[in-house]
Amino acid sequence: MRRSLVNLLVFGAVMLGSISVAMAHHGWRWTTGGNIELTGVITSAQLGNPHGVLTVDADGEIWRVEVGQPWRNERAGLKPGDLAEGVEIRVVGEPAADINDKRVKAERLFLGTTEYKLYPERD
């Protein structure tokens, strides 16, 4: 009985820890809460679930840009091939709270003069 209780408590702790990590990664907790604007050229794009990730060269600094899930990108009006290597992009979004982590979660994207609102409820 005692061993079963210990196993259950350990299992529960592991599950809570896993959920916390997933929530922190896929939520907004790792960001500053304020927006920055970043302009550069996409050097690689990995689009898909749980969200797309772009590598962007912004004046020699390499940034990781998290974009939406495929359905969110489509809802914003993005089409296959829009987020591809060599495309110039302007990103408005929330940067990582750790300034050394060159990462931003995109709220809005601009390709040329066209705006794509990934998170229209955020600003």
# chains A, B, ... in the order shown; residues from 1 in each chain; ligands from 1

$ residues_around --residues "A:Pro120" --least-positions-apart "3" --cutoff "9 Å" --atoms "only C-alpha atoms" --output "PyMOL selection string"
chain A and resi 76+107-108+117+123

$ write_last_selection --atoms "C-alpha atoms" --output "PDB file, in the first residue's frame"
ATOM      1  CA  ALA A  76      -4.195  34.839 -41.188  1.00  0.00           C
ATOM      2  CA  GLU A 107       1.828  38.225 -33.347  1.00  0.00           C
ATOM      3  CA  ARG A 108       1.855  39.871 -36.785  1.00  0.00           C
ATOM      4  CA  LYS A 117      -2.366  38.875 -38.100  1.00  0.00           C
ATOM      5  CA  ASP A 123      -1.513  43.825 -29.745  1.00  0.00           C
TER       6      ASP A 123
END

$ residues_around --residues "A:Thr43" --least-positions-apart "3" --cutoff "12 Å" --atoms "only C-alpha atoms" --output "list in words"
Gly40, Gln46, Val53, Leu54, Thr55, Val56, Asp57, Ala58, Gly60, Glu61, Ile62, Trp63, Arg64, Val65, Leu83, Ala84, Glu85, Gly86, Val87, Glu88 and Ile89 of chain A

$ closest_residue --among "A:Asp101, A:Asp82, A:Glu121, A:Glu115" --to "A:Ala45" --atoms "only C-alpha atoms"
A:Asp82

$ atom_distance --atom1 "atom CA of A:Pro50" --atom2 "atom CA of A:Glu94"
18.1 Å

$ closest_residue --among "A:Thr39, A:Asn49, A:Asp59, A:Arg90" --to "A:Trp71" --atoms "only C-alpha atoms"
A:Asn49

$ closest_residue --among "A:Val67, A:Ile99, A:Ile42, A:Leu109" --to "A:Trp30" --atoms "only C-alpha atoms"
A:Ile99

$ select_by_dssp --residues "stretch 21-72 of chain A" --states "strand (DSSP E)" --output "list in words"
Ile36, Glu37, Leu38, Thr39, Gly40, Val41, Ile42, Thr43, Ser44, Ala45, Gln46, Val53, Leu54, Thr55, Val56, Asp57, Ala58, Glu61, Ile62, Trp63, Arg64, Val65 and Glu66 of chain A

$ atom_distance --atom1 "atom CA of A:Gly27" --atom2 "atom CA of A:Asp98"
15.5 Å

$ closest_residue --among "A:Val92, A:Val104, A:Ala97, A:Leu47" --to "A:Pro80" --atoms "only C-alpha atoms"
A:Leu47

$ closest_residue --among "A:Arg103, A:Gly68, A:Leu111, A:Gly93" --to "A:Val41" --atoms "only C-alpha atoms"
A:Leu111

$ closest_residue --among "A:Phe110, A:Arg75, A:Lys105, A:Gly81" --to "A:Ser44" --atoms "only C-alpha atoms"
A:Gly81

$ atom_distance --atom1 "atom CA of A:Gly52" --atom2 "atom CA of A:Ala106"
10.3 Å

$ decode --residues "stretch 33-52 of chain A" --atoms "N, CA and C atoms" --output "PDB file, in the first residue's frame"
ATOM      1  N   GLY A  33       6.228  40.152 -22.628  1.00  0.00           N
ATOM      2  CA  GLY A  33       4.922  40.791 -22.500  1.00  0.00           C
ATOM      3  C   GLY A  33       4.823  42.064 -23.330  1.00  0.00           C
ATOM      4  N   GLY A  34       5.940  42.560 -23.839  1.00  0.00           N
ATOM      5  CA  GLY A  34       5.958  43.744 -24.707  1.00  0.00           C
ATOM      6  C   GLY A  34       6.382  43.339 -26.102  1.00  0.00           C
ATOM      7  N   ASN A  35       6.100  44.190 -27.069  1.00  0.00           N
ATOM      8  CA  ASN A  35       6.404  43.865 -28.460  1.00  0.00           C
ATOM      9  C   ASN A  35       7.681  44.529 -28.946  1.00  0.00           C
ATOM     10  N   ILE A  36       8.337  43.852 -29.892  1.00  0.00           N
ATOM     11  CA  ILE A  36       9.437  44.427 -30.652  1.00  0.00           C
ATOM     12  C   ILE A  36       9.107  44.249 -32.123  1.00  0.00           C
ATOM     13  N   GLU A  37       9.857  44.945 -32.952  1.00  0.00           N
ATOM     14  CA  GLU A  37       9.737  44.779 -34.401  1.00  0.00           C
ATOM     15  C   GLU A  37      11.081  44.295 -34.906  1.00  0.00           C
ATOM     16  N   LEU A  38      11.045  43.276 -35.746  1.00  0.00           N
ATOM     17  CA  LEU A  38      12.257  42.652 -36.262  1.00  0.00           C
ATOM     18  C   LEU A  38      12.105  42.510 -37.773  1.00  0.00           C
ATOM     19  N   THR A  39      13.099  42.973 -38.516  1.00  0.00           N
ATOM     20  CA  THR A  39      13.079  42.844 -39.971  1.00  0.00           C
ATOM     21  C   THR A  39      14.313  42.084 -40.419  1.00  0.00           C
ATOM     22  N   GLY A  40      14.120  41.130 -41.290  1.00  0.00           N
ATOM     23  CA  GLY A  40      15.247  40.354 -41.791  1.00  0.00           C
ATOM     24  C   GLY A  40      14.837  39.439 -42.919  1.00  0.00           C
ATOM     25  N   VAL A  41      15.716  38.498 -43.223  1.00  0.00           N
ATOM     26  CA  VAL A  41      15.498  37.550 -44.316  1.00  0.00           C
ATOM     27  C   VAL A  41      15.415  36.146 -43.725  1.00  0.00           C
ATOM     28  N   ILE A  42      14.402  35.411 -44.135  1.00  0.00           N
ATOM     29  CA  ILE A  42      14.233  34.033 -43.677  1.00  0.00           C
ATOM     30  C   ILE A  42      15.362  33.181 -44.259  1.00  0.00           C
ATOM     31  N   THR A  43      16.094  32.498 -43.368  1.00  0.00           N
ATOM     32  CA  THR A  43      17.161  31.603 -43.834  1.00  0.00           C
ATOM     33  C   THR A  43      16.735  30.142 -43.772  1.00  0.00           C
ATOM     34  N   SER A  44      15.716  29.830 -42.966  1.00  0.00           N
ATOM     35  CA  SER A  44      15.130  28.487 -42.972  1.00  0.00           C
ATOM     36  C   SER A  44      13.732  28.566 -42.377  1.00  0.00           C
ATOM     37  N   ALA A  45      12.900  27.620 -42.784  1.00  0.00           N
ATOM     38  CA  ALA A  45      11.517  27.576 -42.299  1.00  0.00           C
ATOM     39  C   ALA A  45      11.127  26.130 -42.045  1.00  0.00           C
ATOM     40  N   GLN A  46      10.639  25.880 -40.831  1.00  0.00           N
ATOM     41  CA  GLN A  46      10.088  24.569 -40.480  1.00  0.00           C
ATOM     42  C   GLN A  46       8.657  24.824 -40.033  1.00  0.00           C
ATOM     43  N   LEU A  47       7.732  24.539 -40.900  1.00  0.00           N
ATOM     44  CA  LEU A  47       6.331  24.825 -40.623  1.00  0.00           C
ATOM     45  C   LEU A  47       5.597  23.538 -40.310  1.00  0.00           C
ATOM     46  N   GLY A  48       4.707  23.601 -39.369  1.00  0.00           N
ATOM     47  CA  GLY A  48       3.957  22.422 -38.967  1.00  0.00           C
ATOM     48  C   GLY A  48       3.557  22.546 -37.513  1.00  0.00           C
ATOM     49  N   ASN A  49       3.120  21.442 -36.947  1.00  0.00           N
ATOM     50  CA  ASN A  49       2.684  21.429 -35.556  1.00  0.00           C
ATOM     51  C   ASN A  49       3.861  21.143 -34.638  1.00  0.00           C
ATOM     52  N   PRO A  50       3.913  21.633 -33.435  1.00  0.00           N
ATOM     53  CA  PRO A  50       2.857  22.404 -32.787  1.00  0.00           C
ATOM     54  C   PRO A  50       2.806  23.851 -33.251  1.00  0.00           C
ATOM     55  N   HIS A  51       3.893  24.381 -33.853  1.00  0.00           N
ATOM     56  CA  HIS A  51       3.904  25.706 -34.453  1.00  0.00           C
ATOM     57  C   HIS A  51       5.094  25.777 -35.389  1.00  0.00           C
ATOM     58  N   GLY A  52       5.055  26.715 -36.297  1.00  0.00           N
ATOM     59  CA  GLY A  52       6.163  26.875 -37.217  1.00  0.00           C
ATOM     60  C   GLY A  52       7.300  27.652 -36.577  1.00  0.00           C
TER      61      GLY A  52
END
